[in-house]
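What's in entry00.cif: mmCIF, C-alpha atoms
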```cif
data_model
#
loop_
_atom_site.label_atom_id
_atom_site.label_comp_id
_atom_site.auth_asym_id
_atom_site.auth_seq_id
_atom_site.Cartn_x
_atom_site.Cartn_y
_atom_site.Cartn_z
CA MET A 1 17.51 98.11 27.43
CA ASP A 2 17.39 101.93 27.63
CA GLU A 3 19.16 101.95 31.02
CA ARG A 4 21.83 99.57 29.72
CA LEU A 5 22.39 101.82 26.70
CA GLN A 6 22.76 104.85 28.98
CA PHE A 7 25.14 102.87 31.17
CA VAL A 8 27.34 101.96 28.20
CA ALA A 9 27.24 105.49 26.76
CA ARG A 10 28.39 107.04 30.03
CA ARG A 11 31.07 104.39 30.39
CA LEU A 12 32.34 105.16 26.88
CA ALA A 13 32.39 108.83 27.88
CA GLY A 14 34.98 107.96 30.54
CA GLU A 15 32.99 107.80 33.76
CA PRO A 16 34.39 105.37 36.37
CA MET A 17 32.83 101.92 36.49
CA ALA A 18 32.43 101.93 40.29
CA GLU A 19 30.45 105.21 40.33
CA LEU A 20 28.23 104.08 37.43
CA CYS A 21 27.41 100.76 39.10
CA ARG A 22 26.62 102.52 42.37
CA GLU A 23 24.31 104.98 40.62
CA PHE A 24 22.48 102.31 38.59
CA GLY A 25 22.19 99.98 41.60
CA ILE A 26 24.12 97.04 40.14
CA SER A 27 27.27 95.21 41.10
CA ARG A 28 30.55 95.86 39.30
CA LYS A 29 30.47 92.27 38.02
CA THR A 30 27.13 92.98 36.29
CA GLY A 31 28.46 96.30 35.01
CA TYR A 32 31.49 94.71 33.38
CA LYS A 33 29.25 91.95 31.97
CA ILE A 34 26.98 94.52 30.26
CA PHE A 35 29.93 96.47 28.90
CA ASP A 36 31.67 93.31 27.61
CA ARG A 37 28.49 92.21 25.79
CA TYR A 38 28.31 95.60 24.10
CA GLN A 39 31.90 95.33 22.95
CA GLU A 40 31.30 91.82 21.58
CA CYS A 41 27.84 92.15 19.98
CA GLY A 42 27.11 95.86 19.82
CA VAL A 43 23.64 97.14 20.66
CA LYS A 44 22.13 93.64 20.15
CA GLY A 45 24.15 92.46 23.13
CA LEU A 46 22.14 94.73 25.42
CA THR A 47 18.81 92.99 24.76
CA ASP A 48 17.38 90.35 27.12
CA ARG A 49 18.54 86.84 26.31
CA SER A 50 16.46 83.70 26.52
CA ARG A 51 16.79 81.77 29.77
CA ARG A 52 15.97 78.51 28.07
CA PRO A 53 18.83 76.00 28.46
CA PHE A 54 20.73 74.99 25.35
CA ARG A 55 20.05 71.30 26.06
CA TYR A 56 18.01 69.20 28.49
CA ALA A 57 19.77 66.46 30.39
CA ASN A 58 16.88 63.98 30.05
CA GLN A 59 15.63 64.98 26.62
CA LEU A 60 15.22 62.08 24.20
CA PRO A 61 17.20 62.11 20.99
CA PHE A 62 15.17 63.33 18.05
CA GLN A 63 15.50 60.00 16.25
CA VAL A 64 14.14 58.03 19.21
CA GLU A 65 11.21 60.38 19.80
CA ASN A 66 10.33 60.41 16.10
CA TYR A 67 10.52 56.60 16.00
CA ILE A 68 8.11 56.36 18.98
CA LEU A 69 5.59 58.58 17.21
CA ASN A 70 5.86 56.65 13.95
CA VAL A 71 5.35 53.29 15.67
CA LYS A 72 2.32 54.63 17.53
CA ARG A 73 0.75 55.99 14.34
CA GLU A 74 1.40 52.67 12.61
CA HIS A 75 0.02 50.60 15.50
CA THR A 76 -2.65 52.75 17.14
CA SER A 77 -3.59 50.09 19.70
CA TRP A 78 -0.04 49.73 21.06
CA GLY A 79 0.88 51.18 24.41
CA ALA A 80 4.16 52.27 25.93
CA ARG A 81 5.17 48.71 26.87
CA LYS A 82 4.98 47.32 23.33
CA ILE A 83 6.64 50.40 21.85
CA ARG A 84 9.51 50.01 24.30
CA GLU A 85 10.00 46.39 23.22
CA ARG A 86 10.27 47.61 19.62
CA LEU A 87 12.82 50.23 20.72
CA LEU A 88 14.95 47.57 22.41
CA ARG A 89 15.21 45.71 19.09
CA ARG A 90 15.73 48.85 17.01
CA PHE A 91 18.25 50.83 19.11
CA SER A 92 20.94 48.84 20.88
CA GLY A 93 23.67 51.42 21.43
CA ILE A 94 21.74 54.04 23.40
CA PRO A 95 19.79 53.99 26.68
CA ILE A 96 16.17 53.06 26.06
CA PRO A 97 13.61 55.31 27.80
CA ALA A 98 11.29 53.91 30.43
CA LYS A 99 7.63 53.16 29.79
CA SER A 100 6.60 56.27 31.70
CA THR A 101 8.79 58.43 29.45
CA ILE A 102 7.35 56.87 26.30
CA HIS A 103 3.83 57.41 27.65
CA ALA A 104 4.67 61.06 28.38
CA VAL A 105 5.85 61.54 24.77
CA LEU A 106 2.64 60.03 23.40
CA ASP A 107 0.55 62.14 25.75
CA ARG A 108 2.39 65.31 24.74
CA TYR A 109 1.48 64.75 21.10
CA GLY A 110 -2.13 63.83 21.88
CA LEU A 111 -1.79 60.13 21.04
CA VAL A 112 -3.13 58.83 24.36
CA GLU A 113 -6.82 57.98 24.51
CA ARG A 114 -8.22 58.82 27.91
CA ARG A 115 -10.98 56.49 28.98
CA GLY A 116 -13.36 57.25 31.78
CA ARG A 117 -13.59 54.83 34.64
CA VAL A 118 -16.51 52.45 34.27
CA ARG A 119 -18.51 52.33 37.47
CA ARG A 120 -20.68 49.29 37.89
CA ARG A 121 -23.61 49.84 40.17
CA ALA A 122 -25.58 47.04 41.68
CA GLN A 123 -29.20 46.87 40.57
CA GLY A 124 -31.61 45.69 43.20
CA THR A 125 -35.11 44.36 42.90
CA ALA A 126 -37.79 46.98 42.40
CA LEU A 127 -39.86 47.50 45.54
CA SER A 128 -43.59 46.92 45.60
CA LEU A 129 -45.79 49.98 45.85
CA GLY A 130 -47.90 48.44 48.59
CA GLN A 131 -51.10 50.34 47.80
CA LYS A 132 -53.34 47.99 49.80
CA PRO A 133 -53.02 46.85 53.42
CA ASN A 134 -50.88 43.76 54.00
CA GLU A 135 -49.26 44.02 50.54
CA LEU A 136 -46.02 45.50 51.90
CA TRP A 137 -44.67 45.57 55.45
CA CYS A 138 -41.70 47.65 56.53
CA THR A 139 -39.29 46.91 59.36
CA ASP A 140 -36.87 49.44 60.78
CA TYR A 141 -34.94 50.39 63.89
CA LYS A 142 -36.21 53.63 65.43
CA GLY A 143 -33.06 55.04 66.91
CA GLU A 144 -31.61 54.14 70.29
CA PHE A 145 -31.76 55.37 73.88
CA LEU A 146 -29.93 54.66 77.10
CA LEU A 147 -31.76 52.83 79.90
CA GLY A 148 -31.37 53.27 83.61
CA ASN A 149 -29.09 50.21 83.79
CA HIS A 150 -26.67 51.95 81.37
CA GLN A 151 -27.58 49.64 78.50
CA TYR A 152 -28.92 50.79 75.15
CA CYS A 153 -32.36 49.88 73.83
CA TYR A 154 -33.00 49.55 70.09
CA PRO A 155 -36.74 49.66 69.19
CA LEU A 156 -37.53 47.49 66.15
CA THR A 157 -40.85 48.25 64.45
CA VAL A 158 -42.91 46.46 61.81
CA THR A 159 -45.50 48.64 60.05
CA ASP A 160 -47.95 48.24 57.19
CA HIS A 161 -46.85 50.41 54.27
CA ALA A 162 -50.31 51.36 53.00
CA SER A 163 -52.17 51.99 56.27
CA ARG A 164 -49.12 53.01 58.35
CA PHE A 165 -50.48 50.68 61.03
CA LEU A 166 -47.91 49.70 63.64
CA LEU A 167 -47.95 45.92 63.80
CA THR A 168 -45.37 45.55 66.55
CA CYS A 169 -42.55 47.32 68.37
CA GLU A 170 -39.93 45.16 70.02
CA ALA A 171 -37.33 46.48 72.47
CA LEU A 172 -34.04 44.80 71.55
CA SER A 173 -30.66 45.01 73.21
CA SER A 174 -28.73 44.73 69.92
CA THR A 175 -29.03 45.49 66.21
CA CYS A 176 -27.52 42.12 65.28
CA GLU A 177 -29.47 40.55 62.42
CA ASP A 178 -29.46 37.03 63.85
CA TYR A 179 -30.70 38.33 67.22
CA ALA A 180 -33.54 40.30 65.61
CA ARG A 181 -34.54 37.29 63.51
CA ALA A 182 -34.52 34.92 66.47
CA VAL A 183 -36.28 37.19 68.97
CA ALA A 184 -38.44 39.80 67.26
CA PHE A 185 -39.64 38.10 64.08
CA ARG A 186 -40.24 34.68 65.61
CA ARG A 187 -42.07 36.25 68.57
CA PHE A 188 -44.08 38.42 66.20
CA HIS A 189 -45.44 35.60 64.03
CA THR A 190 -46.81 33.54 66.92
CA THR A 191 -50.61 33.33 67.05
CA SER A 192 -50.73 34.41 70.68
CA SER A 193 -49.26 37.81 69.88
CA LEU A 194 -51.42 38.34 66.75
CA PRO A 195 -54.99 37.50 67.72
CA ARG A 196 -56.66 39.69 65.10
CA LEU A 197 -54.49 39.01 62.05
CA PRO A 198 -55.87 36.61 59.43
CA ASP A 199 -54.16 33.30 58.82
CA GLY A 200 -52.58 34.61 55.58
CA CYS A 201 -50.75 37.37 57.44
CA LYS A 202 -49.55 34.92 60.09
CA ARG A 203 -48.10 32.68 57.40
CA ALA A 204 -46.40 35.70 55.85
CA LEU A 205 -44.79 36.56 59.18
CA SER A 206 -43.62 32.98 59.55
CA ALA A 207 -42.00 33.17 56.12
CA LEU A 208 -40.42 36.52 57.04
CA ALA A 209 -38.65 34.92 59.97
CA GLU A 210 -37.25 32.19 57.71
CA LEU A 211 -35.74 34.55 55.08
CA ASP A 212 -32.01 34.21 54.48
CA ASN A 213 -29.50 37.03 53.98
CA HIS A 214 -29.94 37.09 50.18
CA SER A 215 -33.73 37.37 50.40
CA ILE A 216 -33.91 40.46 52.60
#
```

Do you think you could lay out the structure here as structure tokens?
Amino acid sequence: MDERLQFVARRLAGEPMAELCREFGISRKTGYKIFDRYQECGVKGLTDRSRRPFRYANQLPFQVENYILNVKREHTSWGARKIRERLLRRFSGIPIPAKSTIHAVLDRYGLVERRGRVRRRAQGTALSLGQKPNELWCTDYKGEFLLGNHQYCYPLTVTDHASRFLLTCEALSSTCEDYARAVAFRRFHTTSSLPRLPDGCKRALSALAELDNHSI
């Protein structure tokens, strides 16, 4: 404002507009604009004016916005869709705002309840501790490696959880579940391959080979 006041004072003293604009680093259009504001409004015309527009093209009428807020406070469980249906019956001569606009109005005034997303997690069966031998057996693939014939081998192991004893290790050509069930588990539970296991363990292996997808 001080530079504008100096500009106007020197202009009133008779200095040429072109030389003043060149010295202050402004265009002659801006110079005449500053001087015209001073002549119209005095010193107040030299202050910075608000850049806020006088009106917004998409701003809702005050009556409509106030009606949306009143309906929401009266019916707290209503959302933008129901409020818009009420607006269609109440105001017929003006464009009715969209649901997104009504929701934005409610959100601006803090009338939207934000709910966190409910995540449902599957709960499986608790695993046995397996503190004694033959209470819990574990089966797992131990990586993969490439053979000389350019085919991959997938070692499948069955171990006792408590003793860490390796019951068997089968070299399979695939990780397919049906293939592992048909080859490894059925071969494992045969009596010829388990000469030292008691009959109870052999029956358990036989049952393991007969498990379905929901039991594993």

Would you pick out the contacts of stretch 133-146 of chain A at 8 Å or less, using all atoms listed in the file, so that residues sharing its chain but fewer than 5 positions from it are not included, and give the list as a list in words?
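The contact residues come out as Ser128, Gln151, Tyr152, Cys153, Tyr154, Pro155, Leu156, Thr157, Val158, Thr159, Asp160, His161, Ala162, Ser163 and Cys201 of chain A.
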
Students should find that atom CA of A:Met17 and atom CA of A:Lys33 are spaced 11.5 Å

- request: Could you tell me which residues the PyMOL selection byres ((chain A and resi 103-105) around 12) returns for this structure, as number ranges by chain?
  value: A: 59-62, 64-70, 72, 78-84, 97-102, 106-113

In Å and to one decimal, atom CA of A:Phe165 is distant from atom CA of A:Gly124 by 26.4 Å

Counting all atoms listed in the file, select every polymer residue within 12 Å of (-31.4, 41.8, 64.5) as defined in the file's coordinates, and provide the selection as an MDAnalysis selection string. chainID A and resid 139:141 154:157 170:186 209 213

Kindly give the distance, in Å, that separates atom CA of A:Cys41 and atom CA of A:Ala18, rounded to a single decimal.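 Computed distance, atom CA of A:Cys41 to atom CA of A:Ala18, equals 23.0 Å.
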
Query raised in the report: In terms of the shortest atom-to-atom distance over only C-alpha atoms, which of A:Arg4, A:Lys29, A:Arg11, A:Arg22 is closest to A:Val43?
Result: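 Closest residue, counting only C-alpha atoms: A:Arg4.
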
Exercise for review: List the residues sitting within 12 Å of (29.9, 94.1, 31.2) in the file's frame, using only C-alpha atoms, as a list in words.
Suggested key: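 The residues near that point, listed by chain and number, are Arg4, Leu5, Phe7, Val8, Arg11, Met17, Leu20, Cys21, Ile26, Ser27, Arg28, Lys29, Thr30, Gly31, Tyr32, Lys33, Ile34, Phe35, Asp36, Arg37, Tyr38, Gln39, Glu40, Cys41, Gly42, Gly45 and Leu46 of chain A.
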
Please write the residues from the selection above to a file, keeping C-alpha atoms, as a PDB file, keeping the file's coordinate frame.
```
ATOM      1  CA  ARG A   4      21.830  99.570  29.720  1.00  0.00           C
ATOM      2  CA  LEU A   5      22.390 101.820  26.700  1.00  0.00           C
ATOM      3  CA  PHE A   7      25.140 102.870  31.170  1.00  0.00           C
ATOM      4  CA  VAL A   8      27.340 101.960  28.200  1.00  0.00           C
ATOM      5  CA  ARG A  11      31.070 104.390  30.390  1.00  0.00           C
ATOM      6  CA  MET A  17      32.830 101.920  36.490  1.00  0.00           C
ATOM      7  CA  LEU A  20      28.230 104.080  37.430  1.00  0.00           C
ATOM      8  CA  CYS A  21      27.410 100.760  39.100  1.00  0.00           C
ATOM      9  CA  ILE A  26      24.120  97.040  40.140  1.00  0.00           C
ATOM     10  CA  SER A  27      27.270  95.210  41.100  1.00  0.00           C
ATOM     11  CA  ARG A  28      30.550  95.860  39.300  1.00  0.00           C
ATOM     12  CA  LYS A  29      30.470  92.270  38.020  1.00  0.00           C
ATOM     13  CA  THR A  30      27.130  92.980  36.290  1.00  0.00           C
ATOM     14  CA  GLY A  31      28.460  96.300  35.010  1.00  0.00           C
ATOM     15  CA  TYR A  32      31.490  94.710  33.380  1.00  0.00           C
ATOM     16  CA  LYS A  33      29.250  91.950  31.970  1.00  0.00           C
ATOM     17  CA  ILE A  34      26.980  94.520  30.260  1.00  0.00           C
ATOM     18  CA  PHE A  35      29.930  96.470  28.900  1.00  0.00           C
ATOM     19  CA  ASP A  36      31.670  93.310  27.610  1.00  0.00           C
ATOM     20  CA  ARG A  37      28.490  92.210  25.790  1.00  0.00           C
ATOM     21  CA  TYR A  38      28.310  95.600  24.100  1.00  0.00           C
ATOM     22  CA  GLN A  39      31.900  95.330  22.950  1.00  0.00           C
ATOM     23  CA  GLU A  40      31.300  91.820  21.580  1.00  0.00           C
ATOM     24  CA  CYS A  41      27.840  92.150  19.980  1.00  0.00           C
ATOM     25  CA  GLY A  42      27.110  95.860  19.820  1.00  0.00           C
ATOM     26  CA  GLY A  45      24.150  92.460  23.130  1.00  0.00           C
ATOM     27  CA  LEU A  46      22.140  94.730  25.420  1.00  0.00           C
TER      28      LEU A  46
END
```

Query raised in the report: With distances taken over all atoms listed in the file, which of A:Arg73, A:Gly14, A:Gln63, A:Arg117 is nearest to A:Ile94?
Result: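 The closest residue to A:Ile94 is A:Gln63.
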
Write out all heavy atoms for stretch 106-117 of chain A, as a PDB file, in the coordinates of the input.
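Result file follows (result.pdb):
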```
ATOM      1  N   LEU A 106       3.912  60.249  24.110  1.00  0.00           N
ATOM      2  CA  LEU A 106       2.640  60.030  23.400  1.00  0.00           C
ATOM      3  C   LEU A 106       1.567  60.990  23.904  1.00  0.00           C
ATOM      4  O   LEU A 106       0.771  61.505  23.106  1.00  0.00           O
ATOM      5  CB  LEU A 106       2.192  58.583  23.597  1.00  0.00           C
ATOM      6  CG  LEU A 106       3.133  57.493  23.061  1.00  0.00           C
ATOM      7  CD1 LEU A 106       2.595  56.115  23.399  1.00  0.00           C
ATOM      8  CD2 LEU A 106       3.315  57.641  21.558  1.00  0.00           C
ATOM      9  N   ASP A 107       1.560  61.240  25.190  1.00  0.00           N
ATOM     10  CA  ASP A 107       0.550  62.140  25.750  1.00  0.00           C
ATOM     11  C   ASP A 107       0.807  63.573  25.302  1.00  0.00           C
ATOM     12  O   ASP A 107      -0.146  64.336  25.067  1.00  0.00           O
ATOM     13  CB  ASP A 107       0.593  62.041  27.276  1.00  0.00           C
ATOM     14  CG  ASP A 107      -0.580  62.759  27.925  1.00  0.00           C
ATOM     15  OD1 ASP A 107      -1.640  62.876  27.277  1.00  0.00           O
ATOM     16  OD2 ASP A 107      -0.445  63.217  29.073  1.00  0.00           O
ATOM     17  N   ARG A 108       2.065  63.957  25.164  1.00  0.00           N
ATOM     18  CA  ARG A 108       2.390  65.310  24.740  1.00  0.00           C
ATOM     19  C   ARG A 108       1.928  65.601  23.324  1.00  0.00           C
ATOM     20  O   ARG A 108       1.557  66.720  22.985  1.00  0.00           O
ATOM     21  CB  ARG A 108       3.897  65.543  24.867  1.00  0.00           C
ATOM     22  CG  ARG A 108       4.313  66.984  24.601  1.00  0.00           C
ATOM     23  CD  ARG A 108       5.726  67.260  25.058  1.00  0.00           C
ATOM     24  NE  ARG A 108       6.708  66.485  24.343  1.00  0.00           N
ATOM     25  CZ  ARG A 108       7.460  65.532  24.876  1.00  0.00           C
ATOM     26  NH1 ARG A 108       7.299  65.217  26.155  1.00  0.00           N
ATOM     27  NH2 ARG A 108       8.346  64.873  24.164  1.00  0.00           N
ATOM     28  N   TYR A 109       1.915  64.579  22.493  1.00  0.00           N
ATOM     29  CA  TYR A 109       1.480  64.750  21.100  1.00  0.00           C
ATOM     30  C   TYR A 109       0.024  64.335  20.896  1.00  0.00           C
ATOM     31  O   TYR A 109      -0.421  64.211  19.756  1.00  0.00           O
ATOM     32  CB  TYR A 109       2.384  63.929  20.171  1.00  0.00           C
ATOM     33  CG  TYR A 109       3.742  64.544  19.970  1.00  0.00           C
ATOM     34  CD1 TYR A 109       4.811  64.225  20.815  1.00  0.00           C
ATOM     35  CD2 TYR A 109       3.980  65.460  18.947  1.00  0.00           C
ATOM     36  CE1 TYR A 109       6.060  64.788  20.640  1.00  0.00           C
ATOM     37  CE2 TYR A 109       5.232  66.028  18.766  1.00  0.00           C
ATOM     38  CZ  TYR A 109       6.269  65.682  19.614  1.00  0.00           C
ATOM     39  OH  TYR A 109       7.515  66.247  19.435  1.00  0.00           O
ATOM     40  N   GLY A 110      -0.712  64.125  21.983  1.00  0.00           N
ATOM     41  CA  GLY A 110      -2.130  63.830  21.880  1.00  0.00           C
ATOM     42  C   GLY A 110      -2.451  62.449  21.324  1.00  0.00           C
ATOM     43  O   GLY A 110      -3.506  62.262  20.707  1.00  0.00           O
ATOM     44  N   LEU A 111      -1.582  61.481  21.562  1.00  0.00           N
ATOM     45  CA  LEU A 111      -1.790  60.130  21.040  1.00  0.00           C
ATOM     46  C   LEU A 111      -2.246  59.156  22.125  1.00  0.00           C
ATOM     47  O   LEU A 111      -2.245  57.951  21.898  1.00  0.00           O
ATOM     48  CB  LEU A 111      -0.495  59.608  20.396  1.00  0.00           C
ATOM     49  CG  LEU A 111       0.008  60.412  19.189  1.00  0.00           C
ATOM     50  CD1 LEU A 111       1.323  59.848  18.684  1.00  0.00           C
ATOM     51  CD2 LEU A 111      -1.037  60.419  18.086  1.00  0.00           C
ATOM     52  N   VAL A 112      -2.649  59.671  23.269  1.00  0.00           N
ATOM     53  CA  VAL A 112      -3.130  58.830  24.360  1.00  0.00           C
ATOM     54  C   VAL A 112      -4.637  59.025  24.470  1.00  0.00           C
ATOM     55  O   VAL A 112      -5.118  60.149  24.621  1.00  0.00           O
ATOM     56  CB  VAL A 112      -2.447  59.176  25.690  1.00  0.00           C
ATOM     57  CG1 VAL A 112      -3.042  58.362  26.832  1.00  0.00           C
ATOM     58  CG2 VAL A 112      -0.949  58.919  25.582  1.00  0.00           C
ATOM     59  N   GLU A 113      -5.362  57.929  24.383  1.00  0.00           N
ATOM     60  CA  GLU A 113      -6.820  57.980  24.510  1.00  0.00           C
ATOM     61  C   GLU A 113      -7.195  57.823  25.969  1.00  0.00           C
ATOM     62  O   GLU A 113      -6.896  56.817  26.599  1.00  0.00           O
ATOM     63  CB  GLU A 113      -7.460  56.854  23.692  1.00  0.00           C
ATOM     64  CG  GLU A 113      -8.978  56.845  23.755  1.00  0.00           C
ATOM     65  CD  GLU A 113      -9.577  55.705  22.947  1.00  0.00           C
ATOM     66  OE1 GLU A 113      -8.796  54.960  22.308  1.00  0.00           O
ATOM     67  OE2 GLU A 113     -10.811  55.557  22.965  1.00  0.00           O
ATOM     68  N   ARG A 114      -7.826  58.831  26.505  1.00  0.00           N
ATOM     69  CA  ARG A 114      -8.220  58.820  27.910  1.00  0.00           C
ATOM     70  C   ARG A 114      -9.619  58.230  28.038  1.00  0.00           C
ATOM     71  O   ARG A 114     -10.565  58.748  27.440  1.00  0.00           O
ATOM     72  CB  ARG A 114      -8.182  60.230  28.490  1.00  0.00           C
ATOM     73  CG  ARG A 114      -6.813  60.877  28.368  1.00  0.00           C
ATOM     74  CD  ARG A 114      -6.769  62.213  29.098  1.00  0.00           C
ATOM     75  NE  ARG A 114      -5.469  62.848  28.946  1.00  0.00           N
ATOM     76  CZ  ARG A 114      -4.408  62.573  29.688  1.00  0.00           C
ATOM     77  NH1 ARG A 114      -4.521  61.677  30.648  1.00  0.00           N
ATOM     78  NH2 ARG A 114      -3.255  63.190  29.494  1.00  0.00           N
ATOM     79  N   ARG A 115      -9.705  57.170  28.781  1.00  0.00           N
ATOM     80  CA  ARG A 115     -10.980  56.490  28.980  1.00  0.00           C
ATOM     81  C   ARG A 115     -11.481  56.743  30.385  1.00  0.00           C
ATOM     82  O   ARG A 115     -10.731  56.659  31.345  1.00  0.00           O
ATOM     83  CB  ARG A 115     -10.838  54.980  28.751  1.00  0.00           C
ATOM     84  CG  ARG A 115     -10.379  54.624  27.334  1.00  0.00           C
ATOM     85  CD  ARG A 115     -10.231  53.125  27.189  1.00  0.00           C
ATOM     86  NE  ARG A 115      -9.792  52.762  25.850  1.00  0.00           N
ATOM     87  CZ  ARG A 115      -9.546  51.501  25.452  1.00  0.00           C
ATOM     88  NH1 ARG A 115      -9.707  50.511  26.319  1.00  0.00           N
ATOM     89  NH2 ARG A 115      -9.155  51.269  24.218  1.00  0.00           N
ATOM     90  N   GLY A 116     -12.757  57.057  30.468  1.00  0.00           N
ATOM     91  CA  GLY A 116     -13.360  57.250  31.780  1.00  0.00           C
ATOM     92  C   GLY A 116     -13.523  55.941  32.511  1.00  0.00           C
ATOM     93  O   GLY A 116     -13.703  54.884  31.906  1.00  0.00           O
ATOM     94  N   ARG A 117     -13.470  56.017  33.807  1.00  0.00           N
ATOM     95  CA  ARG A 117     -13.590  54.830  34.640  1.00  0.00           C
ATOM     96  C   ARG A 117     -15.027  54.323  34.618  1.00  0.00           C
ATOM     97  O   ARG A 117     -15.975  55.095  34.810  1.00  0.00           O
ATOM     98  CB  ARG A 117     -13.188  55.139  36.075  1.00  0.00           C
ATOM     99  CG  ARG A 117     -13.229  53.924  36.992  1.00  0.00           C
ATOM    100  CD  ARG A 117     -12.791  54.316  38.394  1.00  0.00           C
ATOM    101  NE  ARG A 117     -12.888  53.184  39.301  1.00  0.00           N
ATOM    102  CZ  ARG A 117     -12.603  53.249  40.588  1.00  0.00           C
ATOM    103  NH1 ARG A 117     -12.200  54.403  41.114  1.00  0.00           N
ATOM    104  NH2 ARG A 117     -12.712  52.190  41.364  1.00  0.00           N
TER     105      ARG A 117
END
```
